[in-house]
Amino acid sequence: MDDGVILVLTCLEDSSADMVIGHLIAQGAQVARFDPGIEFPSRAIVSSVFGAGPPRGRLVTATRQVDLERVRAVYYRRPTPYPTPPASQAATFVSREAKFGLGGILATLPCRYVSHPWTLLAAEHKPLQLSAAQRAGFAVPATLMTNDVEEARAFAAEHGQLVYKPLRGGSYTGADGEPCTIWTSPVQLGDLDDGIGHTIHQFQARVDKTADLRVTVAGGQVFCVRLDSRLLDWRADYEGITYTVIAPPAGLPDKCFAFLAELGLPFGAFDFALTEDGPVFLECNPNGQWGWIEDETGLPIARAIADLLLEDPT
């Protein structure tokens with residue numbers, strides 16, 4: 001196959017990207033892997049020309065050179081963030097220029113993205129997700145985002161059992177200095193105090209679920225897995241999960257497609273609480289992990305992503 005290069009932007013150790021790359025190479029695709037946050041500028045050269053005909057440029061790494069106008073698709077997976085500079089104006093300037101220069105070049109290639117980094121950034125916002133989920137026809141739990149303790153108490157009085165969910169995942173260090181994760185946690189009325197005023201908090205009415213669903217959508221392909229766990233948040237103990245591949249509930253694929261179309265995403269990893277009345281939307285990770293699902297179930301998710309990258313954009 002000599003009809004362009006698929007550029008994979010991810011960290012150097014990404015087993016899920018390795019799976020996709022394996023399928024791409026097996027189908028004869030040319031693949032270039034690049035981690036801008038690590039390889040640039042010490043191990044890579046990037047040049048791009050604008051305003052003198054069609055944009056053109058090159059990316060040179062330790063292993064290959066890529067003409068940027070020949071990039072047919074970009075798999076934006078998990079690149080290392082650009083380094084946080086030390087406290088000096090020069091270092092801050094260098095890091096910012098790399099982010100907005102190199103990052104801008106890679107984000108403006110005229111090709112398919114799975115998925116575009118600027119689209120991913122927008123789709124990470126939970127208020128946007130909840131609004132889009134309602135428009136797509138999903139059942140959505142009653143949700144309050146507030147920094148007002150009285151508002152939170154009134155919400156708890158109205159809805160009974162609540163859960164707290166951070167609005168975005170990220171690194172967090174506990175009081176002992178050890179890294180930790182804030183899981184979805186139950187909240188009682190007595191837990192709501194003036195600490196809520198420190199920032200905005202997300203509270204949801206607790207869903208009476210029988211299990212969870214992880215629904216992975218890549219292009220037109222939908223992979224639905226039931227997750228049975230004893231925990232409120234199954235992510236806290238992957239060893240305790242039982243995985244069952246099931247057919248998606250009636251109407252769910254079309255709602256997923258509508259949600260992704262509104263947000264401009266070709267891929268999404270959806271989480272639903274499964275209740276006696278059907279699935280309830282919890283969130284969609286626009287660049288979510290899926291490799292462990294394929295490992296546990298054998299579902300061909302990597303192949304579906306590779307097929308999406310190889311599709312003729314016309």
# chains A, B, ... in the order shown; residues from 1 in each chain; ligands from 1
>>> select_by_dssp(residues="segment 92-239 of chain A", states="alpha helix (DSSP H)", output="PyMOL selection string")
chain A and resi 92-107+117-123+126-136+149-159
>>> residues_around(residues="Gly37 of chain A", least_positions_apart="5", cutoff="8 Å", atoms="only C-alpha atoms", output="ChimeraX atom specification")
/A:79-83
>>> select_by_dssp(residues="segment 59-133 of chain A", states="strand (DSSP E)", output="VMD selection string")
chain A and resid 59 to 60 65 to 67 71 to 76 112 to 114
>>> closest_atom_pairs(of="segment 103-208 of chain A", to="segment 271-295 of chain A", cutoff="8 Å", atoms="only C-alpha atoms", output="CSV")
residue,atom,partner,partner_atom,distance
A:Ser115,CA,A:Asn287,CA,7.5
A:Leu120,CA,A:Pro286,CA,6.1
A:Ala123,CA,A:Pro286,CA,6.5
A:Glu124,CA,A:Pro286,CA,7.0
A:Lys126,CA,A:Glu283,CA,7.6
A:Gln129,CA,A:Glu283,CA,7.0
A:Leu130,CA,A:Glu283,CA,7.6
A:Ala133,CA,A:Phe281,CA,7.2
A:Phe138,CA,A:Phe281,CA,6.1
A:Ala139,CA,A:Val280,CA,4.9
A:Val140,CA,A:Phe281,CA,5.3
A:Pro141,CA,A:Val280,CA,7.1
A:Val207,CA,A:Ala273,CA,7.1
A:Asp208,CA,A:Thr275,CA,6.4
>>> residues_around(residues="segment 231-242 of chain A", least_positions_apart="2", cutoff="8 Å", atoms="only C-alpha atoms", output="NGL selection string")
:A and (183-185 or 226-229 or 244)
>>> closest_atom_pairs(of="segment 35-137 of chain A", to="segment 7-12 of chain A", cutoff="12 Å", atoms="only C-alpha atoms", output="JSON lines")
{"residue": "A:Asp35", "atom": "CA", "partner": "A:Thr10", "partner_atom": "CA", "distance": 5.2}
{"residue": "A:Pro36", "atom": "CA", "partner": "A:Leu9", "partner_atom": "CA", "distance": 7.5}
{"residue": "A:Gly37", "atom": "CA", "partner": "A:Cys11", "partner_atom": "CA", "distance": 8.3}
{"residue": "A:Ile38", "atom": "CA", "partner": "A:Cys11", "partner_atom": "CA", "distance": 8.0}
{"residue": "A:Glu39", "atom": "CA", "partner": "A:Leu12", "partner_atom": "CA", "distance": 9.6}
{"residue": "A:Leu59", "atom": "CA", "partner": "A:Leu7", "partner_atom": "CA", "distance": 10.3}
{"residue": "A:Arg64", "atom": "CA", "partner": "A:Leu7", "partner_atom": "CA", "distance": 11.7}
{"residue": "A:Gln65", "atom": "CA", "partner": "A:Leu7", "partner_atom": "CA", "distance": 11.4}
{"residue": "A:Val66", "atom": "CA", "partner": "A:Leu7", "partner_atom": "CA", "distance": 8.8}
{"residue": "A:Asp67", "atom": "CA", "partner": "A:Leu7", "partner_atom": "CA", "distance": 10.8}
{"residue": "A:Leu68", "atom": "CA", "partner": "A:Leu7", "partner_atom": "CA", "distance": 9.3}
{"residue": "A:Glu69", "atom": "CA", "partner": "A:Leu7", "partner_atom": "CA", "distance": 11.5}
{"residue": "A:Arg70", "atom": "CA", "partner": "A:Leu7", "partner_atom": "CA", "distance": 9.9}
{"residue": "A:Val71", "atom": "CA", "partner": "A:Leu7", "partner_atom": "CA", "distance": 6.6}
{"residue": "A:Arg72", "atom": "CA", "partner": "A:Leu7", "partner_atom": "CA", "distance": 8.0}
{"residue": "A:Ala73", "atom": "CA", "partner": "A:Leu7", "partner_atom": "CA", "distance": 6.3}
{"residue": "A:Val74", "atom": "CA", "partner": "A:Leu7", "partner_atom": "CA", "distance": 4.8}
{"residue": "A:Tyr75", "atom": "CA", "partner": "A:Val8", "partner_atom": "CA", "distance": 4.7}
{"residue": "A:Tyr76", "atom": "CA", "partner": "A:Leu9", "partner_atom": "CA", "distance": 5.0}
{"residue": "A:Arg77", "atom": "CA", "partner": "A:Thr10", "partner_atom": "CA", "distance": 5.1}
{"residue": "A:Arg78", "atom": "CA", "partner": "A:Thr10", "partner_atom": "CA", "distance": 4.4}
{"residue": "A:Pro79", "atom": "CA", "partner": "A:Thr10", "partner_atom": "CA", "distance": 3.7}
{"residue": "A:Thr80", "atom": "CA", "partner": "A:Cys11", "partner_atom": "CA", "distance": 5.4}
{"residue": "A:Pro81", "atom": "CA", "partner": "A:Cys11", "partner_atom": "CA", "distance": 9.1}
{"residue": "A:Tyr82", "atom": "CA", "partner": "A:Cys11", "partner_atom": "CA", "distance": 11.4}
{"residue": "A:Gly103", "atom": "CA", "partner": "A:Leu9", "partner_atom": "CA", "distance": 10.9}
{"residue": "A:Leu106", "atom": "CA", "partner": "A:Leu9", "partner_atom": "CA", "distance": 9.3}
{"residue": "A:Ala107", "atom": "CA", "partner": "A:Leu9", "partner_atom": "CA", "distance": 10.9}
{"residue": "A:Leu109", "atom": "CA", "partner": "A:Leu7", "partner_atom": "CA", "distance": 10.5}
{"residue": "A:Cys111", "atom": "CA", "partner": "A:Leu7", "partner_atom": "CA", "distance": 10.4}
{"residue": "A:Arg112", "atom": "CA", "partner": "A:Leu7", "partner_atom": "CA", "distance": 10.4}
{"residue": "A:Tyr113", "atom": "CA", "partner": "A:Leu7", "partner_atom": "CA", "distance": 9.5}
{"residue": "A:Val114", "atom": "CA", "partner": "A:Val8", "partner_atom": "CA", "distance": 9.6}
{"residue": "A:Ser115", "atom": "CA", "partner": "A:Leu9", "partner_atom": "CA", "distance": 10.7}
{"residue": "A:His116", "atom": "CA", "partner": "A:Leu9", "partner_atom": "CA", "distance": 11.0}
{"residue": "A:Pro117", "atom": "CA", "partner": "A:Leu9", "partner_atom": "CA", "distance": 10.4}
